[in-house]
>>> print(open('query-v9.cif').read())   # mmCIF, C-alpha atoms and all ligand atoms
data_work
#
loop_
_atom_site.group_PDB
_atom_site.id
_atom_site.type_symbol
_atom_site.label_atom_id
_atom_site.label_comp_id
_atom_site.auth_asym_id
_atom_site.auth_seq_id
_atom_site.Cartn_x
_atom_site.Cartn_y
_atom_site.Cartn_z
ATOM 1 C CA MET H 1 -11.579 -34.239 -16.330
ATOM 2 C CA PHE H 2 -12.124 -30.472 -16.107
ATOM 3 C CA GLN H 3 -13.682 -28.959 -19.225
ATOM 4 C CA LYS H 4 -14.429 -25.264 -19.317
ATOM 5 C CA GLU H 5 -17.680 -25.397 -21.302
ATOM 6 C CA ARG H 6 -18.964 -28.310 -19.244
ATOM 7 C CA PHE H 7 -18.098 -26.450 -16.029
ATOM 8 C CA ILE H 8 -20.059 -23.379 -17.196
ATOM 9 C CA GLU H 9 -23.061 -25.540 -18.108
ATOM 10 C CA ASP H 10 -22.921 -27.360 -14.764
ATOM 11 C CA CYS H 11 -22.729 -24.071 -12.839
ATOM 12 C CA ARG H 12 -25.669 -22.663 -14.816
ATOM 13 C CA ALA H 13 -27.692 -25.778 -13.973
ATOM 14 C CA ALA H 14 -26.646 -25.565 -10.311
ATOM 15 C CA LEU H 15 -28.036 -22.013 -10.146
ATOM 16 C CA LYS H 16 -31.517 -23.487 -10.431
ATOM 17 C CA GLU H 17 -31.067 -25.584 -7.302
ATOM 18 C CA ARG H 18 -32.504 -24.413 -4.007
ATOM 19 C CA GLU H 19 -29.049 -24.374 -2.419
ATOM 20 C CA ALA H 20 -27.306 -22.917 -5.454
ATOM 21 C CA ARG H 21 -24.171 -21.813 -3.645
ATOM 22 C CA ALA H 22 -23.667 -25.215 -2.027
ATOM 23 C CA ALA H 23 -24.205 -26.936 -5.389
ATOM 24 C CA ILE H 24 -21.658 -24.635 -6.994
ATOM 25 C CA GLN H 25 -19.181 -25.238 -4.200
ATOM 26 C CA GLU H 26 -19.414 -28.958 -4.971
ATOM 27 C CA LEU H 27 -18.631 -28.241 -8.624
ATOM 28 C CA VAL H 28 -15.709 -25.965 -7.743
ATOM 29 C CA THR H 29 -14.365 -28.539 -5.274
ATOM 30 C CA GLN H 30 -14.511 -31.184 -7.981
ATOM 31 C CA ALA H 31 -12.842 -28.839 -10.490
ATOM 32 C CA VAL H 32 -9.907 -27.768 -8.299
ATOM 33 C CA SER H 33 -9.300 -31.352 -7.115
ATOM 34 C CA ASP H 34 -8.034 -31.980 -10.650
ATOM 35 C CA THR H 35 -5.228 -29.394 -10.559
ATOM 36 C CA ALA H 36 -3.451 -30.795 -13.641
ATOM 37 C CA GLY H 37 -6.741 -30.980 -15.562
ATOM 38 C CA ILE H 38 -7.527 -27.304 -14.957
ATOM 39 C CA VAL H 39 -4.050 -26.205 -16.021
ATOM 40 C CA ARG H 40 -4.335 -28.372 -19.148
ATOM 41 C CA GLU H 41 -7.662 -26.780 -20.034
ATOM 42 C CA LEU H 42 -7.054 -23.155 -19.013
ATOM 43 C CA GLY H 43 -3.334 -22.953 -19.673
ATOM 44 C CA GLU H 44 -0.240 -22.719 -17.521
ATOM 45 C CA PRO H 45 -0.274 -19.431 -15.572
ATOM 46 C CA THR H 46 2.604 -17.277 -16.798
ATOM 47 C CA MET H 47 1.385 -13.776 -15.899
ATOM 48 C CA SER H 48 -0.873 -12.351 -13.229
ATOM 49 C CA GLY H 49 -4.295 -11.371 -14.503
ATOM 50 C CA VAL H 50 -7.952 -12.201 -14.654
ATOM 51 C CA ASN H 51 -9.696 -14.263 -17.312
ATOM 52 C CA VAL H 52 -13.454 -13.999 -17.507
ATOM 53 C CA ILE H 53 -14.725 -17.522 -18.143
ATOM 54 C CA HIS H 54 -18.409 -16.626 -17.957
ATOM 55 C CA LYS H 55 -20.312 -13.401 -17.384
ATOM 56 C CA ALA H 56 -24.079 -13.123 -17.051
ATOM 57 C CA ASP H 57 -26.544 -11.193 -14.901
ATOM 58 C CA ASP H 58 -26.821 -14.083 -12.461
ATOM 59 C CA LEU H 59 -23.363 -15.702 -12.660
ATOM 60 C CA THR H 60 -19.720 -14.687 -13.121
ATOM 61 C CA ILE H 61 -16.885 -17.206 -13.346
ATOM 62 C CA LEU H 62 -13.317 -15.910 -13.168
ATOM 63 C CA ASN H 63 -9.987 -17.620 -13.558
ATOM 64 C CA LEU H 64 -7.578 -15.535 -11.489
ATOM 65 C CA TYR H 65 -3.820 -15.584 -11.556
ATOM 66 C CA TRP H 66 -2.585 -13.834 -8.416
ATOM 67 C CA GLY H 67 0.970 -12.649 -9.039
ATOM 68 C CA PRO H 68 3.772 -13.039 -6.465
ATOM 69 C CA GLY H 69 3.115 -10.975 -3.342
ATOM 70 C CA MET H 70 -0.077 -9.549 -4.802
ATOM 71 C CA TYR H 71 -2.437 -7.847 -2.325
ATOM 72 C CA ILE H 72 -6.060 -6.940 -2.980
ATOM 73 C CA GLN H 73 -7.318 -4.449 -0.380
ATOM 74 C CA PRO H 74 -10.478 -5.116 1.671
ATOM 75 C CA HIS H 75 -13.609 -5.216 -0.493
ATOM 76 C CA ASP H 76 -17.087 -6.689 -0.558
ATOM 77 C CA HIS H 77 -18.955 -8.403 -3.410
ATOM 78 C CA ARG H 78 -22.666 -7.929 -2.502
ATOM 79 C CA MET H 79 -23.407 -11.375 -3.932
ATOM 80 C CA TRP H 80 -22.464 -14.840 -2.763
ATOM 81 C CA ALA H 81 -19.237 -16.340 -4.015
ATOM 82 C CA VAL H 82 -17.273 -19.576 -4.042
ATOM 83 C CA ILE H 83 -13.474 -19.526 -4.177
ATOM 84 C CA GLY H 84 -11.410 -22.542 -5.214
ATOM 85 C CA ILE H 85 -7.614 -22.741 -5.461
ATOM 86 C CA TYR H 86 -5.835 -25.021 -7.939
ATOM 87 C CA GLY H 87 -2.240 -23.858 -7.489
ATOM 88 C CA GLY H 88 -0.236 -21.783 -5.027
ATOM 89 C CA ARG H 89 -1.823 -20.115 -1.996
ATOM 90 C CA GLU H 90 -4.400 -17.405 -1.275
ATOM 91 C CA ASN H 91 -4.496 -15.827 2.177
ATOM 92 C CA ASN H 92 -7.839 -14.314 3.119
ATOM 93 C CA VAL H 93 -8.337 -11.777 5.906
ATOM 94 C CA PHE H 94 -11.976 -11.220 6.849
ATOM 95 C CA TYR H 95 -13.366 -7.964 8.248
ATOM 96 C CA ARG H 96 -16.515 -6.611 9.806
ATOM 97 C CA ARG H 97 -17.774 -3.058 9.660
ATOM 98 C CA SER H 98 -17.272 -1.030 12.873
ATOM 99 C CA GLU H 99 -17.238 2.593 14.021
ATOM 100 C CA ARG H 100 -13.531 2.607 13.203
ATOM 101 C CA GLY H 101 -14.190 1.471 9.649
ATOM 102 C CA LEU H 102 -13.333 -2.219 9.757
ATOM 103 C CA VAL H 103 -12.205 -4.764 12.326
ATOM 104 C CA GLN H 104 -10.533 -8.015 11.437
ATOM 105 C CA HIS H 105 -12.429 -11.093 12.515
ATOM 106 C CA GLY H 106 -10.604 -14.013 11.018
ATOM 107 C CA THR H 107 -8.172 -15.337 8.469
ATOM 108 C CA ARG H 108 -8.157 -18.315 6.195
ATOM 109 C CA GLU H 109 -5.243 -19.749 4.265
ATOM 110 C CA LEU H 110 -6.318 -21.504 1.101
ATOM 111 C CA ASN H 111 -4.043 -23.963 -0.663
ATOM 112 C CA ALA H 112 -4.484 -26.005 -3.818
ATOM 113 C CA LYS H 113 -7.737 -28.025 -3.788
ATOM 114 C CA ASP H 114 -9.276 -25.852 -1.024
ATOM 115 C CA THR H 115 -12.621 -24.114 -1.551
ATOM 116 C CA ILE H 116 -14.665 -21.712 0.585
ATOM 117 C CA PRO H 117 -18.123 -20.210 0.217
ATOM 118 C CA LEU H 118 -18.528 -16.490 0.952
ATOM 119 C CA GLY H 119 -21.798 -14.840 1.934
ATOM 120 C CA ALA H 120 -23.007 -11.703 0.153
ATOM 121 C CA ALA H 121 -21.984 -9.439 3.062
ATOM 122 C CA VAL H 122 -18.437 -10.777 3.408
ATOM 123 C CA ILE H 123 -15.584 -8.244 3.386
ATOM 124 C CA HIS H 124 -12.147 -9.655 2.704
ATOM 125 C CA ALA H 125 -8.616 -8.811 1.615
ATOM 126 C CA VAL H 126 -6.604 -11.296 -0.406
ATOM 127 C CA THR H 127 -2.853 -11.866 -0.564
ATOM 128 C CA ASN H 128 -0.706 -14.253 -2.523
ATOM 129 C CA PRO H 129 2.164 -14.814 -0.059
ATOM 130 C CA LEU H 130 4.254 -16.866 -2.496
ATOM 131 C CA ASP H 131 6.908 -16.032 -5.081
ATOM 132 C CA GLN H 132 4.862 -17.892 -7.668
ATOM 133 C CA ILE H 133 1.499 -17.389 -9.309
ATOM 134 C CA THR H 134 -1.588 -18.606 -7.468
ATOM 135 C CA GLY H 135 -4.349 -19.991 -9.675
ATOM 136 C CA ALA H 136 -7.924 -19.570 -8.439
ATOM 137 C CA ILE H 137 -11.432 -20.112 -9.744
ATOM 138 C CA HIS H 138 -13.908 -17.581 -8.330
ATOM 139 C CA VAL H 139 -17.627 -18.015 -8.971
ATOM 140 C CA TYR H 140 -20.051 -15.209 -8.089
ATOM 141 C CA GLY H 141 -23.836 -15.370 -7.914
ATOM 142 C CA GLY H 142 -24.388 -12.248 -10.011
ATOM 143 C CA ASP H 143 -22.709 -9.879 -12.459
ATOM 144 C CA PHE H 144 -19.428 -9.205 -10.683
ATOM 145 C CA PHE H 145 -18.500 -6.286 -12.946
ATOM 146 C CA ALA H 146 -21.824 -4.447 -13.072
ATOM 147 C CA THR H 147 -22.659 -4.499 -9.352
ATOM 148 C CA PRO H 148 -21.574 -1.370 -7.436
ATOM 149 C CA ARG H 149 -19.736 -2.268 -4.246
ATOM 150 C CA SER H 150 -17.127 -0.999 -1.775
ATOM 151 C CA GLU H 151 -13.482 -1.289 -1.004
ATOM 152 C CA TRP H 152 -11.595 0.036 2.006
ATOM 153 C CA ASP H 153 -8.293 1.844 2.245
ATOM 154 C CA PRO H 154 -5.877 -0.719 3.733
ATOM 155 C CA GLU H 155 -4.367 1.845 6.136
ATOM 156 C CA THR H 156 -7.253 4.105 7.168
ATOM 157 C CA PHE H 157 -10.090 1.622 6.484
ATOM 158 C CA ALA H 158 -12.023 4.461 4.847
ATOM 159 C CA GLU H 159 -14.803 3.068 2.668
ATOM 160 C CA GLN H 160 -14.808 4.052 -0.998
ATOM 161 C CA PRO H 161 -16.455 2.820 -4.192
ATOM 162 C CA TYR H 162 -14.726 -0.243 -5.634
ATOM 163 C CA SER H 163 -12.326 0.689 -8.415
ATOM 164 C CA VAL H 164 -11.692 -1.807 -11.209
ATOM 165 C CA GLU H 165 -8.740 0.385 -12.298
ATOM 166 C CA ARG H 166 -7.063 0.028 -8.907
ATOM 167 C CA THR H 167 -7.425 -3.741 -9.089
ATOM 168 C CA MET H 168 -6.013 -3.787 -12.620
ATOM 169 C CA ARG H 169 -3.042 -1.712 -11.407
ATOM 170 C CA ALA H 170 -2.406 -4.338 -8.713
ATOM 171 C CA PHE H 171 -2.201 -6.983 -11.455
ATOM 172 C CA GLU H 172 0.229 -4.813 -13.443
ATOM 173 C CA GLU H 173 2.435 -4.214 -10.415
ATOM 174 C CA ALA H 174 2.433 -7.940 -9.697
ATOM 175 C CA ASN H 175 3.593 -8.565 -13.253
ATOM 176 C CA LYS H 176 6.474 -6.119 -12.766
ATOM 177 C CA ARG H 177 7.514 -8.027 -9.627
ATOM 178 C CA LEU H 178 7.210 -11.266 -11.576
ATOM 179 C CA ALA H 179 9.527 -9.895 -14.290
ATOM 180 C CA GLU H 180 12.038 -8.814 -11.618
ATOM 181 C CA LEU H 181 11.917 -12.234 -9.950
ATOM 182 C CA ARG H 182 12.515 -13.935 -13.296
ATOM 183 C CA SER H 183 15.419 -11.662 -14.194
ATOM 184 C CA LYS H 184 17.301 -12.658 -11.017
HETATM 185 FE FE FE W 1 -13.114 -10.811 -3.265
#
>>> encode(input="query-v9.cif", output="structure tokens")
Amino acid sequence: MFQKERFIEDCRAALKEREARAAIQELVTQAVSDTAGIVRELGEPTMSGVNVIHKADDLTILNLYWGPGMYIQPHDHRMWAVIGIYGGRENNVFYRRSERGLVQHGTRELNAKDTIPLGAAVIHAVTNPLDQITGAIHVYGGDFFATPRSEWDPETFAEQPYSVERTMRAFEEANKRLAELRSK
């Protein structure tokens, strides 16, 4: 059964393996396969938001609640990552840099129990297409909050420094939509 402290310990141990990202993907796959167990341990998602489960120089583990219709504009991480979904849906659009800013080069729909590894150079935008909260575990091979990185304007694809404030505003707006949906 999923246990938060155990999961952190296992991820920390996996970091020491030669194929750390692959080892962590196995752990995330195992974790999100037990959708009820995760919800029991981390709580039923009621609001959109981000819970920091673990934060260190070499590892960040986030429990993300993507609110209904929430969109996170294209961004990079500059460290490897593993994404696992335990409820709802997360649509990923992948981009490459080009003279025009960015070009799309693929999409991936993630549903409950799906996981994907992302390389350090990956640029993606994320949408929750559903009218319900999507629950996701994201594991990053570094300090997600302290590493400078980029995001891109969704219309012009102009590159700019990643803004935590903008992301937090997206969570707030998603919570407003959630309140409207619930008041109907
Ligand atoms: Fe991301």
>>> residues_near_ligand(input="query-v9.cif", ligand="ligand FE 1 (chain W)", cutoff="7 Å", atoms="only C-alpha atoms and all ligand atoms", output="list of chain:residue names")
H:His75, H:Asp76, H:His77, H:His124, H:Ala125
>>> closest_residue(input="query-v9.cif", among="H:Ala174, H:Ala121, H:Val103, H:Ala112", to="Pro68 in chain H", atoms="all atoms listed in the file")
H:Ala174
>>> resolve_selection(input="query-v9.cif", expression="the PyMOL selection byres (((chain H and resi 12-25) around 10) and not hetatm)", output="PyMOL selection string")
chain H and resi 6-11+26-31+54+56+58-59+80-84+115-119+139-141
>>> resolve_selection(input="query-v9.cif", expression="the PyMOL selection byres (((chain H and resi 179) around 12) and not hetatm)", output="ChimeraX atom specification")
/H:46-48,67-68,131-132,172-178,180-184
>>> residues_around(input="query-v9.cif", residues="Glu155 in chain H", least_positions_apart="6", cutoff="12 Å", atoms="only C-alpha atoms", output="PyMOL selection string")
chain H and resi 73-74+100-103
>>> resolve_selection(input="query-v9.cif", expression="the PyMOL selection byres (((chain H and resi 92) around 8) and not hetatm)", output="NGL selection string")
:H and (90-91 or 93-94 or 107-110 or 124-127)
>>> closest_residue(input="query-v9.cif", among="H:Ile85, H:Leu130, H:Gly135, H:Gln160", to="Gly43 in chain H", atoms="only C-alpha atoms")
H:Gly135
>>> atom_distance(input="query-v9.cif", atom1="CA of Ala170 in chain H", atom2="CA of Trp152 in chain H")
14.8 Å
